[in-house]
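Below is one structure, written out as structure tokens; comments come after it.
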Amino acid sequence: MKKCKFCGSKTKEIRVKNYLNINLQARFQKCSECKVYINNKISKNIYTASKKNLNSYLNKNILYYLKSFFLYFSYLKVKKYFPKKKNIILDFGSGSGEFPFIMTNTNDKIFATDFEYNKSLYIKKISFIKVNELFANNYYKKFDVIFLRHVLEHILDFDTIIIKLKKKLKNEGKLIIEIPNYKSFWKLLLRGNWPGFFYPFHHYVFSESFLIKKFKSHNLKIIKISYVEPPIFGSFFSSLGIERSLSKFLSVIVYPFQYILSKLTFSSEGLQFILKK
């Protein structure tokens with residue numbers, strides 16, 4: 001039995017779906033003490049080895065703009081926490097680029113970063129930085145707001161990335177993080193098929209209590225914790241072998257049912273932390 005990397009307690013092994021190869025077994029370790037699921041296996045070049053593994057669209061189709069429409073309302077809810085009227089904002093792990101795209105209609109200066117740059121997805125108002133350039137010693141720019149929307153669970157070196165991102169924040173800067181919820185109702189229902197595990201892309205499923213302790217240990221002030229409902233069934237349908245675009249379309253159709261059932265069970269699919277340096 002393996003021990004938890006955070007507290008040293010014994011963990012319980014659980015089987016989950018492998019999103020890259022259904023014929024291979026996949027496992028997470030559950031630490032009941034920390035209330036976190038852990039996947040320590042590193043899959044090299046998982047985001048850059050092939051186009052099919054990138055979390056991006058090949059072009060701006062109707063699904064791109066539909067997702068942008070829904071994300072705009074999420075943006076409006078957090079905008080009131082921005083430090084200034086005009087901010088320098090970084091979307092860390094920008095993926096297919098919808099979120100930085102919706103922020104370009106503001107007075108804020110928008111930056112985005114990820115492993116790969118798909119030029120067709122980023123308009124000129126968005127300054128794109130590759131991850132290795134962002135953390136290079138000669139890159140001195142700092143940000144008023146840094147977003148990590150469903151990114152933190154992808155990064156194995158949890159404490160290291162928090163330290164690095166904190167250094168990239170200006171004084172009084174905000175770090176806005178959204179992640180899958182350890183206590184999701186859909187996790188209980190779907191078990192190892194729950195998209196929140198998303199093996200091998202996800203290294204963690206965090207609980208609220210775990211993150212509260214961690215963020216406080218990094219001297220980040222918690223301004224607000226919200227319970228959010230990101231759509232999950234696009235990934236679920238893809239795992240069944242359904243074509244990606246169709247899976248995303250079906251996810252939109254199913255979303256009202258997902259939302260209502262989550263509310264009826266007093267659960268949420270995601271957690272959102274607004275943190276202050």
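In the structure tokens, the first chain shown is A, the next is B, and so on; residue numbers restart at 1 for each chain, and ligands run from 1 in the order shown.
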
request  = Report the residues of segment 8-155 of chain A whose backbone DSSP state falls under alpha helix (DSSP H), written as a list in words.
outcome  = Ile62, Leu63, Tyr64, Tyr65, Leu66, Lys67, Ser68, Phe69, Phe70, Leu71, Tyr72, Phe73, Ser74, Tyr75, Leu76, Lys77, Val78, Lys79, Glu98, Phe99, Pro100, Phe101, Ile102, Val131, Asn132, Glu133 and Leu134 of chain A

Tell me, counting only C-alpha atoms, for each residue of segment 140-200 of chain A within 10 Å of segment 111-116 of chain A, which pair of atoms is nearest and how far apart they are in Å to one decimal, in rows ordered by chain and increasing number, as a tab-separated table.
residue	atom	partner	partner_atom	distance
A:Phe143	CA	A:Phe111	CA	9.2
A:Ile146	CA	A:Phe111	CA	9.4
A:Phe147	CA	A:Ala112	CA	9.5

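Closest approach to Lys277 of chain A among A:Leu76, A:Ile102, A:Leu165, A:Ile123 is made by A:Leu165 (distances from only C-alpha atoms).
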
request  = Counting only C-alpha atoms, figure out which residue out of A:Tyr227, A:Phe135, A:Phe206, A:Phe201 gets nearest to Tyr37 of chain A.
outcome  =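 Smallest separation from Tyr37 of chain A among the options: A:Phe206.
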
task = Would you work out the distance separating atom CA of Lys224 of chain A from atom CA of Ile212 of chain A, expressed in Å to one decimal?
result = 10.9 Å

For segment 148-241 of chain A versus segment 9-23 of chain A, which residues have an atom no more than 7 Å away, and what is each residue's nearest atom pair and distance in Å rounded to one decimal, using only C-alpha atoms, chain-then-number order, as a tab-separated table?
residue	atom	partner	partner_atom	distance
A:Gly192	CA	A:Val16	CA	3.9
A:Asn193	CA	A:Lys17	CA	5.4
A:Phe198	CA	A:Tyr19	CA	6.4
A:Tyr199	CA	A:Asn18	CA	5.3
A:Pro200	CA	A:Asn18	CA	6.6
A:Ser239	CA	A:Tyr19	CA	5.9

key: Length of the atom CA of Val205 of chain A to atom CA of Ala136 of chain A vector [Å]   = 28.7 Å

query = What is the atom CA of Tyr182 of chain A to atom CA of Ile274 of chain A distance in Å?
reply =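 It comes out at 18.0 Å.
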
Pick out the residues sitting within 6 Å of Ile179 of chain A, and hand them over as a CSV table (one decimal) with N, CA and C atoms, in the first residue's frame; count only C-alpha atoms, and ignore anything fewer than 2 positions along from it in its own chain.
chain,number,residue,atom,x,y,z
A,150,HIS,N,-9.3,24.9,-14.3
A,150,HIS,CA,-9.2,23.4,-14.5
A,150,HIS,C,-7.8,23.1,-15.0
A,270,GLY,N,-17.6,21.6,-9.4
A,270,GLY,CA,-16.3,22.3,-9.3
A,270,GLY,C,-16.2,23.3,-8.1
A,271,LEU,N,-15.0,23.6,-7.7
A,271,LEU,CA,-14.7,24.5,-6.7
A,271,LEU,C,-14.0,25.7,-7.3

key: Long-range neighbours of Tyr75 of chain A as a ChimeraX atom specification, 9 Å cut-off, only C-alpha atoms, 2 positions minimum in chain   = /A:71-73,77-79,99,102-103

Keeping only N, CA and C atoms, write the selected residues as an mmCIF file, in the first residue's frame.
data_model
loop_
_atom_site.group_PDB
_atom_site.id
_atom_site.type_symbol
_atom_site.label_atom_id
_atom_site.label_comp_id
_atom_site.auth_asym_id
_atom_site.auth_seq_id
_atom_site.Cartn_x
_atom_site.Cartn_y
_atom_site.Cartn_z
ATOM 1 N N LEU A 71 -18.864 31.006 -20.834
ATOM 2 C CA LEU A 71 -17.749 31.446 -20.005
ATOM 3 C C LEU A 71 -17.839 32.927 -19.658
ATOM 4 N N TYR A 72 -18.483 33.676 -20.513
ATOM 5 C CA TYR A 72 -18.597 35.119 -20.271
ATOM 6 C C TYR A 72 -19.332 35.404 -18.957
ATOM 7 N N PHE A 73 -20.329 34.603 -18.639
ATOM 8 C CA PHE A 73 -21.070 34.796 -17.397
ATOM 9 C C PHE A 73 -20.221 34.427 -16.183
ATOM 10 N N LYS A 77 -18.917 37.161 -12.999
ATOM 11 C CA LYS A 77 -19.061 36.900 -11.566
ATOM 12 C C LYS A 77 -17.786 37.208 -10.782
ATOM 13 N N VAL A 78 -16.628 37.060 -11.430
ATOM 14 C CA VAL A 78 -15.364 37.270 -10.713
ATOM 15 C C VAL A 78 -14.727 38.628 -10.998
ATOM 16 N N LYS A 79 -15.220 39.319 -12.008
ATOM 17 C CA LYS A 79 -14.613 40.592 -12.413
ATOM 18 C C LYS A 79 -14.590 41.613 -11.274
ATOM 19 N N PHE A 99 -11.481 31.484 -23.036
ATOM 20 C CA PHE A 99 -11.546 32.396 -21.895
ATOM 21 C C PHE A 99 -10.770 33.695 -22.133
ATOM 22 N N ILE A 102 -12.832 36.067 -24.495
ATOM 23 C CA ILE A 102 -13.964 36.853 -23.996
ATOM 24 C C ILE A 102 -13.503 38.072 -23.192
ATOM 25 N N MET A 103 -12.256 38.068 -22.730
ATOM 26 C CA MET A 103 -11.763 39.198 -21.943
ATOM 27 C C MET A 103 -11.154 40.304 -22.798
#

request  = Go through A:Tyr140, A:Asp157, A:Phe69, A:Ser94 one by one, measure the shortest atom-to-atom distance of each to Asn118 of chain A using only C-alpha atoms, and give the residue with the smallest value.
outcome  =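 Of A:Tyr140, A:Asp157, A:Phe69, A:Ser94, the one nearest Asn118 of chain A, counting only C-alpha atoms, is A:Ser94.
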
Within 9 Å of Gly173 of chain A using only C-alpha atoms, minus same-chain residues under 3 positions, as a PyMOL selection string = chain A and resi 82-83+143-146+166+169-170+275-277

Okay, now the selection with C-alpha atoms, as a short mmCIF file (atom, residue, chain, number, x, y, z; two decimals), in the first residue's frame?
data_model
loop_
_atom_site.label_atom_id
_atom_site.label_comp_id
_atom_site.auth_asym_id
_atom_site.auth_seq_id
_atom_site.Cartn_x
_atom_site.Cartn_y
_atom_site.Cartn_z
CA PHE A 82 -10.11 42.43 -9.90
CA PRO A 83 -7.65 44.80 -8.14
CA PHE A 143 0.18 40.28 -13.34
CA ASP A 144 -2.76 41.75 -11.43
CA VAL A 145 -4.85 38.60 -11.97
CA ILE A 146 -3.88 35.02 -12.85
CA LYS A 166 2.71 33.72 -6.61
CA LEU A 169 1.58 38.22 -9.07
CA LYS A 170 1.84 41.89 -8.23
CA LEU A 275 -6.96 34.20 -3.52
CA LYS A 276 -5.00 37.34 -2.74
CA LYS A 277 -1.24 37.69 -2.50
#

inquiry  = With only C-alpha atoms as the counted atoms, please give the residues lying no more than 8 Å from Ile126 of chain A, apart from itself and same-chain residues fewer than 5 positions off, as a ChimeraX atom specification.
reply    = /A:100-101,104,109-112

Produce a file of the selected residues containing N, CA and C atoms, as a PDB file, in the first residue's frame.
ATOM      1  N   PRO A 100      -9.525  33.657 -22.590  1.00  0.00           N
ATOM      2  CA  PRO A 100      -8.863  34.938 -22.897  1.00  0.00           C
ATOM      3  C   PRO A 100      -9.580  35.709 -23.994  1.00  0.00           C
ATOM      4  N   PHE A 101     -10.215  34.990 -24.911  1.00  0.00           N
ATOM      5  CA  PHE A 101     -10.943  35.642 -26.008  1.00  0.00           C
ATOM      6  C   PHE A 101     -12.070  36.535 -25.480  1.00  0.00           C
ATOM      7  N   THR A 104     -11.069  40.072 -24.102  1.00  0.00           N
ATOM      8  CA  THR A 104     -10.439  41.070 -24.976  1.00  0.00           C
ATOM      9  C   THR A 104     -11.339  42.271 -25.242  1.00  0.00           C
ATOM     10  N   LYS A 109      -5.362  44.242 -20.204  1.00  0.00           N
ATOM     11  CA  LYS A 109      -4.372  43.688 -21.134  1.00  0.00           C
ATOM     12  C   LYS A 109      -4.305  42.183 -20.879  1.00  0.00           C
ATOM     13  N   ILE A 110      -4.533  41.388 -21.915  1.00  0.00           N
ATOM     14  CA  ILE A 110      -4.722  39.948 -21.750  1.00  0.00           C
ATOM     15  C   ILE A 110      -3.518  39.154 -22.260  1.00  0.00           C
ATOM     16  N   PHE A 111      -3.036  38.260 -21.401  1.00  0.00           N
ATOM     17  CA  PHE A 111      -1.977  37.316 -21.756  1.00  0.00           C
ATOM     18  C   PHE A 111      -2.518  35.897 -21.590  1.00  0.00           C
ATOM     19  N   ALA A 112      -1.950  34.981 -22.356  1.00  0.00           N
ATOM     20  CA  ALA A 112      -2.332  33.571 -22.243  1.00  0.00           C
ATOM     21  C   ALA A 112      -1.074  32.720 -22.332  1.00  0.00           C
TER      22      ALA A 112
END

Gly196 of chain A surroundings by only C-alpha atoms, 8 Å radius, close-in-sequence under 3 positions cut, as a short mmCIF file (atom, residue, chain, number, x, y, z; two decimals) with N, CA and C atoms, in the first residue's frame:
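Saved file around_17.cif follows:
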data_model
loop_
_atom_site.label_atom_id
_atom_site.label_comp_id
_atom_site.auth_asym_id
_atom_site.auth_seq_id
_atom_site.Cartn_x
_atom_site.Cartn_y
_atom_site.Cartn_z
N PRO A 180 -11.98 20.49 -10.24
CA PRO A 180 -13.05 19.52 -9.94
C PRO A 180 -13.21 19.35 -8.43
N ASN A 181 -14.43 19.04 -8.02
CA ASN A 181 -14.77 18.95 -6.61
C ASN A 181 -14.69 17.51 -6.10
N LYS A 187 -19.23 12.15 -9.06
CA LYS A 187 -18.17 11.19 -8.72
C LYS A 187 -18.76 9.96 -8.02
N HIS A 202 -5.06 14.23 -15.38
CA HIS A 202 -5.17 14.80 -14.04
C HIS A 202 -4.28 14.07 -13.05
N VAL A 205 -7.41 15.11 -7.52
CA VAL A 205 -8.75 15.62 -7.28
C VAL A 205 -8.70 16.18 -5.86
N ILE A 232 -19.44 18.53 -17.71
CA ILE A 232 -18.48 17.42 -17.62
C ILE A 232 -18.71 16.32 -18.65
#

ask   = Which residues in segment 2-132 of chain A does DSSP call strand (DSSP E or B)? List them as a ChimeraX atom specification.
value = /A:3,10,12-16,18,26-31,36-38,88-92,109-114,126-130

key: Residue nearest Ser262 of chain A - candidates A:Trp186, A:Tyr64, A:Phe70, A:Phe128, atoms counted: only C-alpha atoms   =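 Using only C-alpha atoms, the shortest distance to Ser262 of chain A belongs to A:Trp186.
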
remark   = Across A:Thr106, A:Ser96, A:Ser235, A:Ser120, the smallest distance to Leu63 of chain A, with only C-alpha atoms counted, is shown by A:Ser96
